[in-house]
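Visitor: What follows is protein_36.cif; its format and atoms are mmCIF, C-alpha atoms.
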data_my_file
#
loop_
_atom_site.label_atom_id
_atom_site.label_comp_id
_atom_site.auth_asym_id
_atom_site.auth_seq_id
_atom_site.Cartn_x
_atom_site.Cartn_y
_atom_site.Cartn_z
CA MET A 1 0.00 0.00 0.00
CA THR A 2 1.32 3.45 -0.93
CA PRO A 3 1.90 5.58 2.17
CA PRO A 4 -0.01 8.86 2.34
CA LEU A 5 1.96 11.78 0.99
CA ALA A 6 1.04 14.24 3.73
CA HIS A 7 4.03 15.21 5.93
CA THR A 8 6.49 13.60 3.51
CA MET A 9 8.92 15.52 1.35
CA ALA A 10 7.56 16.07 -2.13
CA LEU A 11 10.33 18.14 -3.70
CA GLN A 12 13.74 19.47 -2.71
CA LEU A 13 15.90 22.15 -4.28
CA LYS A 14 19.59 21.78 -3.53
CA ARG A 15 21.70 24.82 -4.38
CA ALA A 16 19.69 25.16 -7.59
CA GLY A 17 21.00 27.67 -10.07
CA LYS A 18 20.22 28.63 -13.64
CA PHE A 19 22.24 30.82 -15.98
CA PHE A 20 21.39 32.12 -19.42
CA GLY A 21 24.89 32.53 -20.79
CA ALA A 22 26.82 34.35 -18.08
CA ARG A 23 23.71 35.96 -16.61
CA PRO A 24 22.37 34.29 -13.50
CA VAL A 25 18.60 33.91 -13.43
CA PHE A 26 18.69 32.46 -9.91
CA LYS A 27 21.30 30.60 -7.93
CA ASN A 28 21.93 28.68 -4.74
CA ILE A 29 18.25 28.12 -4.00
CA THR A 30 17.91 25.48 -1.32
CA CYS A 31 14.58 24.51 0.20
CA ASP A 32 12.57 21.47 1.21
CA LEU A 33 8.95 21.39 0.10
CA PRO A 34 6.71 18.98 2.00
CA ALA A 35 3.52 17.44 0.64
CA GLY A 36 0.21 19.01 1.53
CA GLN A 37 1.48 22.57 1.13
CA VAL A 38 0.93 25.42 -1.30
CA LEU A 39 4.13 27.21 -2.29
CA LEU A 40 3.67 30.61 -3.87
CA VAL A 41 6.56 31.62 -6.13
CA VAL A 42 6.63 35.38 -6.52
CA GLY A 43 8.86 38.00 -8.07
CA ARG A 44 8.85 40.74 -10.63
CA ASN A 45 8.81 40.08 -14.39
CA GLY A 46 12.00 38.38 -15.52
CA ALA A 47 12.93 37.26 -12.02
CA GLY A 48 13.00 33.63 -13.18
CA LYS A 49 9.75 32.31 -11.70
CA SER A 50 8.65 30.36 -14.78
CA THR A 51 12.18 29.12 -15.39
CA LEU A 52 12.37 27.86 -11.82
CA LEU A 53 8.99 26.17 -12.20
CA LYS A 54 10.12 24.44 -15.40
CA ALA A 55 13.32 23.36 -13.69
CA MET A 56 11.30 21.95 -10.80
CA ALA A 57 9.12 20.08 -13.29
CA GLY A 58 12.15 18.73 -15.13
CA LEU A 59 11.40 20.64 -18.32
CA THR A 60 14.63 22.58 -18.30
CA PRO A 61 17.96 21.52 -16.84
CA LEU A 62 19.57 23.43 -14.03
CA SER A 63 23.00 24.97 -14.56
CA LEU A 64 23.95 24.26 -10.96
CA GLY A 65 22.61 22.14 -8.13
CA ALA A 66 19.78 19.65 -8.27
CA VAL A 67 16.03 19.17 -8.02
CA GLU A 68 14.84 16.05 -6.29
CA ARG A 69 11.25 15.10 -6.95
CA HIS A 70 9.79 12.46 -4.68
CA VAL A 71 6.55 12.11 -6.65
CA PRO A 72 6.33 9.87 -9.71
CA LEU A 73 5.61 11.45 -13.09
CA GLU A 74 2.27 9.64 -13.17
CA ARG A 75 1.13 11.89 -10.30
CA THR A 76 2.69 15.13 -11.51
CA ALA A 77 0.80 17.76 -13.47
CA TYR A 78 1.62 21.16 -14.95
CA LEU A 79 -0.72 23.99 -15.79
CA GLY A 80 1.01 26.91 -17.45
CA HIS A 81 0.62 29.54 -20.14
CA ASN A 82 0.30 26.84 -22.78
CA THR A 83 -2.92 24.86 -22.70
CA PHE A 84 -1.56 21.69 -24.38
CA LEU A 85 -4.94 21.38 -26.11
CA TYR A 86 -5.50 20.14 -29.65
CA HIS A 87 -7.88 22.54 -31.33
CA ARG A 88 -9.45 20.04 -33.71
CA LEU A 89 -10.24 17.56 -30.96
CA THR A 90 -13.33 17.94 -28.80
CA ALA A 91 -13.03 18.63 -25.09
CA LEU A 92 -13.81 14.98 -24.41
CA GLU A 93 -11.25 13.75 -26.94
CA ASN A 94 -8.59 16.03 -25.49
CA LEU A 95 -9.19 14.63 -22.03
CA ALA A 96 -9.22 11.04 -23.29
CA PHE A 97 -5.94 11.61 -25.12
CA TRP A 98 -4.12 13.00 -22.10
CA ALA A 99 -5.57 10.28 -19.90
CA GLY A 100 -4.13 7.72 -22.32
CA MET A 101 -0.72 9.38 -22.22
CA TYR A 102 -0.79 9.04 -18.43
CA GLY A 103 -1.71 5.38 -18.71
CA LEU A 104 -5.24 5.98 -17.45
CA SER A 105 -8.39 4.43 -18.88
CA PRO A 106 -11.27 6.54 -17.57
CA SER A 107 -14.76 5.72 -18.77
CA LYS A 108 -16.72 8.27 -20.76
CA ASP A 109 -18.81 8.96 -17.65
CA GLU A 110 -15.68 9.70 -15.64
CA LEU A 111 -14.46 12.09 -18.31
CA LEU A 112 -17.83 13.84 -18.39
CA GLU A 113 -17.81 14.06 -14.60
CA THR A 114 -14.40 15.76 -14.72
CA LEU A 115 -15.71 18.21 -17.29
CA THR A 116 -18.71 18.85 -15.06
CA ARG A 117 -16.39 19.70 -12.16
CA VAL A 118 -14.92 22.55 -14.18
CA GLY A 119 -18.26 23.62 -15.66
CA LEU A 120 -17.63 22.38 -19.18
CA ALA A 121 -20.10 19.50 -19.45
CA ARG A 122 -22.16 21.30 -22.08
CA ALA A 123 -19.10 21.83 -24.25
CA ALA A 124 -17.91 18.22 -24.06
CA TYR A 125 -18.48 17.55 -27.74
CA GLU A 126 -17.28 20.91 -29.03
CA GLN A 127 -13.85 21.34 -30.56
CA ALA A 128 -11.36 23.04 -28.26
CA GLY A 129 -10.43 25.46 -31.05
CA ILE A 130 -13.62 27.45 -30.56
CA PHE A 131 -13.18 27.80 -26.80
CA SER A 132 -12.57 31.17 -25.18
CA ARG A 133 -9.40 31.63 -23.15
CA GLY A 134 -11.34 30.92 -19.97
CA MET A 135 -12.94 27.76 -21.34
CA ALA A 136 -9.61 26.52 -22.63
CA GLN A 137 -8.07 27.11 -19.23
CA ARG A 138 -10.94 25.23 -17.56
CA LEU A 139 -10.38 22.31 -19.92
CA THR A 140 -6.69 22.44 -19.06
CA LEU A 141 -7.64 22.32 -15.40
CA ALA A 142 -9.81 19.28 -16.15
CA ARG A 143 -6.79 17.62 -17.77
CA VAL A 144 -4.84 18.25 -14.58
CA LEU A 145 -7.61 16.99 -12.32
CA LEU A 146 -7.85 13.75 -14.24
CA VAL A 147 -4.35 12.85 -13.05
CA ARG A 148 -5.17 13.54 -9.37
CA PRO A 149 -1.69 14.98 -8.99
CA ASP A 150 0.42 14.75 -5.86
CA LEU A 151 2.70 17.40 -7.31
CA LEU A 152 1.00 20.24 -9.14
CA PHE A 153 2.85 23.03 -10.95
CA LEU A 154 0.84 26.15 -11.74
CA ASP A 155 2.29 29.00 -13.80
CA GLU A 156 -0.01 32.00 -13.42
CA PRO A 157 -3.06 29.79 -13.89
CA GLY A 158 -5.51 32.62 -13.26
CA THR A 159 -4.47 34.64 -16.31
CA GLY A 160 -7.51 35.46 -18.41
CA LEU A 161 -9.99 33.72 -16.13
CA ASP A 162 -13.27 35.28 -15.08
CA THR A 163 -14.47 35.29 -11.48
CA ALA A 164 -16.34 32.00 -11.78
CA SER A 165 -13.40 30.22 -13.38
CA LEU A 166 -11.06 31.61 -10.73
CA ALA A 167 -13.35 30.23 -8.06
CA VAL A 168 -13.14 26.78 -9.68
CA LEU A 169 -9.37 27.04 -9.82
CA HIS A 170 -9.07 28.10 -6.17
CA ARG A 171 -11.42 25.31 -5.08
CA GLU A 172 -9.35 22.70 -6.88
CA ILE A 173 -6.09 24.06 -5.45
CA ALA A 174 -7.56 23.81 -1.96
CA GLN A 175 -8.75 20.26 -2.62
CA ALA A 176 -5.35 19.25 -3.94
CA ARG A 177 -3.71 20.54 -0.76
CA GLU A 178 -6.24 18.73 1.42
CA ARG A 179 -5.53 15.55 -0.52
CA GLY A 180 -1.85 15.88 0.40
CA ALA A 181 -0.50 17.33 -2.83
CA LEU A 182 2.30 19.87 -3.05
CA VAL A 183 1.15 22.81 -5.15
CA VAL A 184 3.88 25.04 -6.60
CA TRP A 185 2.14 28.17 -7.79
CA VAL A 186 3.71 31.04 -9.72
CA SER A 187 1.58 34.12 -9.21
CA HIS A 188 1.55 37.83 -9.93
CA GLN A 189 -1.59 38.38 -7.83
CA ILE A 190 0.34 38.25 -4.57
CA SER A 191 -2.14 40.20 -2.48
CA GLU A 192 -4.99 37.87 -3.52
CA ASP A 193 -3.14 34.55 -3.58
CA LEU A 194 -0.98 34.94 -0.48
CA ALA A 195 -3.87 33.94 1.78
CA ARG A 196 -4.13 30.60 -0.05
CA ALA A 197 -0.42 29.77 0.36
CA ASP A 198 1.53 28.10 3.14
CA LEU A 199 5.00 28.97 1.89
CA VAL A 200 6.50 31.72 -0.24
CA LEU A 201 9.59 31.60 -2.41
CA SER A 202 10.43 35.10 -3.56
CA LEU A 203 12.82 35.71 -6.43
CA SER A 204 14.35 39.08 -7.14
CA GLY A 205 16.30 38.06 -10.24
CA GLY A 206 19.98 37.27 -10.49
CA ALA A 207 22.00 37.26 -7.33
CA THR A 208 21.16 40.60 -5.84
CA GLY A 209 18.16 42.59 -4.76
CA SER A 210 16.57 40.56 -1.99
CA THR A 211 16.62 41.17 1.70
CA SER A 212 18.88 38.17 2.12
CA GLY A 213 21.25 39.46 -0.52
CA GLN A 214 21.22 36.14 -2.39
CA GLY A 215 18.46 36.90 -4.86
CA TRP A 216 15.78 34.82 -3.21
CA SER A 217 14.01 34.29 0.08
CA PHE A 218 11.94 31.39 1.38
CA GLY A 219 9.65 31.11 4.36
CA PRO A 220 6.12 30.76 5.65
CA ALA A 221 3.47 32.79 3.89
CA SER A 222 2.33 34.29 7.18
CA ALA A 223 5.73 35.96 7.60
CA TYR A 224 6.04 37.21 4.04
CA VAL A 225 6.07 40.96 3.46
CA PRO A 226 5.63 41.68 -0.26
CA GLU A 227 7.41 45.04 -0.33
CA ALA A 228 10.52 43.69 1.32
CA SER A 229 11.70 41.42 -1.43
CA CYS A 230 9.92 42.22 -4.66
CA MET B 1 5.07 1.77 -23.66
CA LEU B 2 2.52 0.38 -26.12
CA ARG B 3 -0.45 2.27 -24.73
CA PRO B 4 0.97 5.81 -25.04
CA THR B 5 2.44 4.89 -28.43
CA LEU B 6 -0.93 3.86 -29.78
CA THR B 7 -2.70 6.76 -28.07
CA LEU B 8 -0.35 9.25 -29.71
CA ALA B 9 -0.49 7.57 -33.12
CA ARG B 10 -4.30 7.40 -33.05
CA LYS B 11 -4.55 11.08 -32.11
CA ASP B 12 -2.10 12.09 -34.84
CA LEU B 13 -3.89 10.08 -37.49
CA LYS B 14 -7.22 11.56 -36.49
CA LEU B 15 -5.90 15.12 -36.61
CA MET B 16 -4.01 14.65 -39.87
CA ALA B 17 -6.99 12.98 -41.51
CA SER B 18 -9.51 15.52 -40.24
CA GLY B 19 -7.52 18.61 -41.13
CA GLY B 20 -5.65 17.25 -44.10
CA GLN B 21 -2.62 19.00 -42.60
CA GLY B 22 0.42 17.69 -44.44
CA LEU B 23 -1.39 14.70 -45.89
CA ILE B 24 -3.14 16.37 -48.82
CA GLN B 25 -0.03 18.38 -49.71
CA ALA B 26 2.07 15.21 -49.59
CA ALA B 27 -0.33 13.30 -51.83
CA LEU B 28 -0.72 16.17 -54.30
CA LEU B 29 3.00 16.86 -54.52
CA GLY B 30 3.75 13.19 -55.13
CA LEU B 31 1.08 12.88 -57.81
CA LEU B 32 2.33 16.05 -59.46
CA LEU B 33 5.90 14.73 -59.50
CA ILE B 34 4.80 11.47 -61.12
CA PHE B 35 2.71 13.31 -63.69
CA VAL B 36 5.43 15.83 -64.58
CA PHE B 37 8.03 13.08 -64.97
CA SER B 38 5.63 11.20 -67.23
CA LEU B 39 5.83 14.13 -69.63
CA SER B 40 9.55 13.60 -70.02
CA ARG B 41 9.16 10.41 -72.05
CA PRO B 42 8.65 10.66 -75.81
CA ALA B 43 5.20 9.65 -77.01
CA GLY B 44 4.84 5.89 -77.36
CA GLU B 45 7.89 5.08 -75.25
CA VAL B 46 7.78 3.43 -71.86
CA VAL B 47 9.70 4.81 -68.91
CA PRO B 48 12.39 2.30 -67.86
CA ALA B 49 11.42 0.30 -64.79
CA GLN B 50 14.31 1.72 -62.77
CA GLY B 51 13.37 5.28 -63.76
CA ALA B 52 9.76 4.69 -62.73
CA ALA B 53 10.91 3.21 -59.43
CA ALA B 54 13.11 6.25 -58.79
CA ILE B 55 10.18 8.58 -59.45
CA PHE B 56 7.92 6.60 -57.11
CA TRP B 57 10.41 6.75 -54.24
CA LEU B 58 11.26 10.40 -54.88
CA ALA B 59 7.55 11.18 -54.54
CA SER B 60 7.46 9.12 -51.35
CA ALA B 61 10.52 10.86 -49.89
CA PHE B 62 9.07 14.34 -50.55
CA GLY B 63 5.75 13.17 -49.15
CA GLN B 64 7.51 11.94 -46.03
CA VAL B 65 9.00 15.39 -45.39
CA LEU B 66 5.57 16.99 -45.54
CA VAL B 67 3.98 14.27 -43.43
CA PHE B 68 6.48 14.66 -40.60
CA ASN B 69 6.38 18.44 -40.73
CA GLY B 70 2.64 18.13 -40.31
CA LEU B 71 2.90 15.56 -37.53
CA TYR B 72 5.32 17.58 -35.41
CA SER B 73 3.53 20.87 -36.02
CA LEU B 74 0.46 19.41 -34.28
CA GLU B 75 2.19 20.02 -30.95
CA GLU B 76 3.39 23.54 -31.71
CA LEU B 77 0.23 25.65 -31.53
CA THR B 78 -0.53 25.19 -27.84
CA GLY B 79 2.83 23.97 -26.59
CA ALA B 80 1.63 20.39 -26.24
CA ARG B 81 5.21 19.16 -26.64
CA LEU B 82 5.81 20.19 -23.03
CA GLY B 83 2.76 18.21 -22.01
CA LEU B 84 4.08 15.12 -23.80
CA LEU B 85 7.47 15.55 -22.14
CA LEU B 86 5.83 15.90 -18.74
CA SER B 87 3.72 12.81 -19.19
CA PRO B 88 5.03 9.53 -17.80
CA ALA B 89 5.11 8.08 -21.31
CA PRO B 90 8.64 6.95 -22.23
CA ARG B 91 10.14 9.34 -24.75
CA HIS B 92 10.77 6.44 -27.10
CA ALA B 93 7.01 5.96 -27.14
CA LEU B 94 6.67 9.47 -28.56
CA TRP B 95 9.12 8.65 -31.36
CA LEU B 96 7.38 5.37 -32.06
CA GLY B 97 3.92 6.94 -31.97
CA LYS B 98 4.93 9.60 -34.50
CA ALA B 99 6.70 6.98 -36.62
CA LEU B 100 3.62 4.73 -36.64
CA ALA B 101 1.34 7.60 -37.61
CA GLY B 102 3.82 8.62 -40.32
CA PHE B 103 3.98 5.03 -41.56
CA PHE B 104 0.24 4.83 -42.15
CA LEU B 105 0.08 8.31 -43.68
CA LEU B 106 2.93 7.48 -46.05
CA LEU B 107 1.19 4.23 -46.99
CA ALA B 108 -1.98 6.22 -47.68
CA CYS B 109 -0.03 8.48 -50.04
CA GLN B 110 1.56 5.48 -51.76
CA VAL B 111 -1.85 3.92 -52.32
CA LEU B 112 -2.37 6.91 -54.61
CA PHE B 113 1.14 6.96 -56.05
CA ALA B 114 1.15 3.30 -57.14
CA PRO B 115 -1.78 3.53 -59.58
CA ALA B 116 -0.40 6.85 -60.81
CA VAL B 117 2.88 5.11 -61.68
CA VAL B 118 0.91 2.43 -63.53
CA VAL B 119 -1.19 4.95 -65.44
CA PHE B 120 1.27 7.76 -66.14
CA LEU B 121 4.55 5.85 -66.34
CA GLY B 122 3.19 2.73 -68.02
CA GLN B 123 4.39 0.24 -65.40
CA ASP B 124 2.88 -3.01 -64.15
CA ILE B 125 3.29 -4.43 -60.69
CA LEU B 126 4.32 -7.95 -61.61
CA ASP B 127 5.61 -9.29 -58.31
CA TRP B 128 3.14 -8.43 -55.54
CA PRO B 129 4.88 -10.24 -52.64
CA THR B 130 8.19 -8.46 -53.34
CA TRP B 131 6.31 -5.18 -53.82
CA GLY B 132 4.60 -5.54 -50.44
CA LEU B 133 7.83 -6.50 -48.69
CA THR B 134 9.76 -3.66 -50.33
CA VAL B 135 7.19 -1.04 -49.37
CA LEU B 136 7.02 -2.23 -45.75
CA VAL B 137 10.79 -2.45 -45.25
CA VAL B 138 11.63 0.81 -47.01
CA ASP B 139 8.72 2.73 -45.48
CA TRP B 140 9.82 1.74 -41.99
CA GLY B 141 13.30 3.11 -42.70
CA LEU B 142 11.80 6.32 -44.05
CA VAL B 143 9.59 6.89 -41.01
CA ALA B 144 12.20 5.80 -38.44
CA LEU B 145 14.54 8.51 -39.68
CA GLY B 146 11.73 10.95 -40.49
CA SER B 147 10.35 10.74 -36.96
CA LEU B 148 13.78 11.41 -35.47
CA LEU B 149 14.70 14.28 -37.76
CA GLY B 150 11.19 15.72 -37.69
CA ALA B 151 11.68 16.18 -33.96
CA LEU B 152 14.99 17.91 -34.64
CA ALA B 153 13.39 20.34 -37.09
CA GLN B 154 10.25 21.06 -35.05
CA GLY B 155 9.90 24.61 -33.88
CA GLN B 156 12.36 25.89 -36.50
CA ALA B 157 11.15 28.62 -38.83
CA ALA B 158 12.76 26.93 -41.85
CA ARG B 159 11.88 23.40 -40.82
CA GLU B 160 10.83 22.21 -44.30
CA SER B 161 14.19 23.11 -45.83
CA LEU B 162 16.09 22.02 -42.72
CA LEU B 163 14.41 18.63 -42.72
CA THR B 164 15.02 18.17 -46.44
CA VAL B 165 18.67 19.16 -46.21
CA ILE B 166 19.50 16.79 -43.37
CA LEU B 167 17.15 13.97 -44.33
CA PHE B 168 17.82 13.32 -48.00
CA PRO B 169 21.59 12.66 -47.81
CA LEU B 170 20.99 10.14 -45.04
CA LEU B 171 18.25 8.44 -47.02
CA LEU B 172 20.44 7.72 -50.06
CA PRO B 173 21.36 4.10 -49.19
CA LEU B 174 17.75 3.27 -48.43
CA LEU B 175 16.49 4.92 -51.61
CA LEU B 176 19.09 3.06 -53.67
CA SER B 177 17.84 -0.25 -52.27
CA ALA B 178 14.24 0.80 -52.74
CA ILE B 179 14.79 1.74 -56.40
CA LYS B 180 16.62 -1.49 -57.21
CA LEU B 181 14.00 -3.67 -55.52
CA THR B 182 11.07 -1.77 -57.01
CA ALA B 183 12.60 -1.87 -60.50
CA GLY B 184 12.52 -5.64 -60.18
CA VAL B 185 8.86 -5.48 -59.21
CA PHE B 186 8.03 -3.38 -62.29
CA SER B 187 10.14 -5.45 -64.73
CA GLY B 188 9.13 -8.80 -63.31
CA GLN B 189 12.78 -9.83 -62.87
CA ALA B 190 14.47 -9.95 -59.50
CA PRO B 191 17.34 -7.43 -59.50
CA GLU B 192 20.91 -8.64 -59.42
CA GLY B 193 21.95 -8.97 -55.82
CA TYR B 194 18.35 -8.99 -54.56
CA GLU B 195 19.32 -10.29 -51.11
CA GLN B 196 22.03 -7.67 -50.72
CA TRP B 197 19.68 -4.80 -51.61
CA LEU B 198 17.04 -6.11 -49.24
CA GLY B 199 19.69 -6.64 -46.59
CA MET B 200 20.89 -3.07 -46.98
CA ALA B 201 17.35 -1.76 -46.49
CA LEU B 202 16.89 -3.94 -43.40
CA ALA B 203 20.25 -2.83 -42.02
CA PHE B 204 19.22 0.80 -42.59
CA ASP B 205 15.99 0.17 -40.67
CA ALA B 206 17.84 -1.43 -37.78
CA LEU B 207 20.56 1.22 -37.67
CA PHE B 208 18.28 4.24 -37.69
CA SER B 209 15.66 2.68 -35.41
CA GLY B 210 18.44 2.08 -32.92
CA ALA B 211 19.87 5.56 -33.40
CA ALA B 212 16.42 7.09 -32.97
CA ILE B 213 15.78 5.18 -29.74
CA PHE B 214 19.07 6.48 -28.38
CA LEU B 215 18.92 10.06 -29.72
CA PHE B 216 15.23 10.95 -29.68
CA PRO B 217 15.00 11.74 -25.94
CA PHE B 218 17.79 14.31 -26.35
CA VAL B 219 16.44 15.74 -29.59
CA TYR B 220 12.81 16.11 -28.53
CA GLY B 221 13.49 17.01 -24.92
CA GLY B 222 15.70 19.99 -25.76
CA GLU B 223 14.94 23.39 -24.32
CA GLU B 224 12.62 25.74 -26.20
#
Output the file's structure in the form of structure tokens.
Guide:
Amino acid sequence: MTPPLAHTMALQLKRAGKFFGARPVFKNITCDLPAGQVLLVVGRNGAGKSTLLKAMAGLTPLSLGAVERHVPLERTAYLGHNTFLYHRLTALENLAFWAGMYGLSPSKDELLETLTRVGLARAAYEQAGIFSRGMAQRLTLARVLLVRPDLLFLDEPGTGLDTASLAVLHREIAQARERGALVVWVSHQISEDLARADLVLSLSGGATGSTSGQGWSFGPASAYVPEASC
Amino acid sequence: MLRPTLTLARKDLKLMASGGQGLIQAALLGLLLIFVFSLSRPAGEVVPAQGAAAIFWLASAFGQVLVFNGLYSLEELTGARLGLLLSPAPRHALWLGKALAGFFLLLACQVLFAPAVVVFLGQDILDWPTWGLTVLVVDWGLVALGSLLGALAQGQAARESLLTVILFPLLLPLLLSAIKLTAGVFSGQAPEGYEQWLGMALAFDALFSGAAIFLFPFVYGGEE
């Protein structure tokens, strides 16, 4: 039987650094991220938030240090700027395809139920190409939910979403945390999203500019002061 | 590995068939090539079997470039390549899925090319077993390499020319075998050194399938 993920380490950064040429994007980031937490990654534009997220997800190699993921790929999901949707497939076909790529065999009813959770049941048989940005993002969220991830990477997932869609997103993030998942969440809406986070990793870009003088700071969300490091 | 391979191939075939992306262009270009070459023979003369075979495989090779450009462009619009890389599917399964889809699409094109060769170039398919074997063996070599190099060219602005430039020189040994074997099919006489030509095609398949299994994860998993 697989042990519950809560209170176990889901991901660790060990002196992680990334350079584009000679320019450091971030360096020497070390932190342990336990399961059942929401980590908010914040920083100004160009600070390296998305790059760090991709490095955590294994999509881009680090220049220095290491990322250790303690969650199998089968239980890892990523929701970013790209929707990963195929425009000439229906919402249902898109979900079925991604389920297949994750080795899952959900029934049609299960797929429809997932679409219902994100409010897209009526659009199940419509091609994703005609979806609005919000609908596409909801379908992307459905793709993520299908995996029931224990490690969830979110790169500004609220971009372009209306109030109702944001509520769905926030509900699912909360449920993922309750289930014992680690949620790594890149956000620009710090004032709104801070209350939903347990931990904050703040990047100031390169190696200078933060209160710690090392270009990043990490700590509990309750102790985070936005003005101090961004 | 089989499940994600088939899932990817099925999705690609559905999208290519529904949108005609790459497939129609490949079929039309191949048919046009065969027709234009048919004009090169003087009236009343028959194109030599080896010439007809060369035209057939040239059409197939150009078609292959368009097919794999189409297949890899399916992932470009919404960044789905990242999604595939993040999935637990082995990266070899992605290569194999694309290769399988390309194999069936190329066969679909050749179903059109073969009667065109008969009609426009005045050939007869006299040895069906050898014809079937030749098409299967050579097509697998074409798609094994096409799927690897298609991944290399994906995301590049000049991917059509890039793919053509790097693909065609590598294909030469396979195309030589294909032309020799197919000429025998059209003339009804097994070519001299039949086993050697077939062996060369099989060796090409094995070599580039192996190379693709080793190299594909690096090629397709590269940074954007």
Visitor: Kindly provide, as a ChimeraX atom specification, the residues of chain A having any atom no farther than 10 Å from an atom of chain B, counting all atoms listed in the file.
Guide: /A:54,57-61,72-89,93-94,96-104
Visitor: Here is a test: counting all atoms listed in the file, which residue of B:Leu121, B:Leu202, B:Val67, B:Ala151 is nearest to Arg91 in chain B?
Guide: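 Checking each of B:Leu121, B:Leu202, B:Val67, B:Ala151 against Arg91 in chain B, counting all atoms listed in the file, the winner is B:Ala151.
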Visitor: Identify, on the basis of all atoms listed in the file, every residue whose closest approach to range 183-199 of chain B does not exceed 10 Å; exclude the query and any residue fewer than 6 positions from it along the same chain; express the result as a list of chain:residue names.
Guide: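 That gives B:Pro48, B:Ala49, B:Gln50, B:Gly51, B:Ala52, B:Ala53, B:Ala54, B:Val117, B:Val118, B:Gly122, B:Gln123, B:Asp124, B:Ile125, B:Leu126, B:Asp127, B:Trp128, B:Pro129, B:Thr130, B:Trp131, B:Gly132, B:Leu133, B:Thr134, B:Val137, B:Val138, B:Pro173, B:Leu174, B:Leu176, B:Ser177, B:Asp205.
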Visitor: Name the residues that the PyMOL selection byres ((chain A and resi 112-124) around 8) pulls out of this structure, and write them as an MDAnalysis selection string.
Guide: chainID A and resid 90:92 108:111 125:126 135 138:139 141:142 145:146 165 168
Visitor: Please, which residues are within 10 Å of (12.0, 10.1, -30.6) by the file's coordinates, counting all atoms listed in the file, and could they come as JSON, numbers by chain?
Guide: {"B": [90, 91, 92, 93, 94, 95, 96, 97, 98, 99, 144, 145, 146, 147, 148, 149, 150, 151, 152, 209, 211, 212, 213, 214, 215, 216, 217, 218, 219, 220, 221]}
Visitor: In Å, with one decimal, what is the gap from CA of Ser73 in chain B to CA of Thr140 in chain A?
Guide: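 Calculated distance between CA of Ser73 in chain B and CA of Thr140 in chain A is 19.9 Å.
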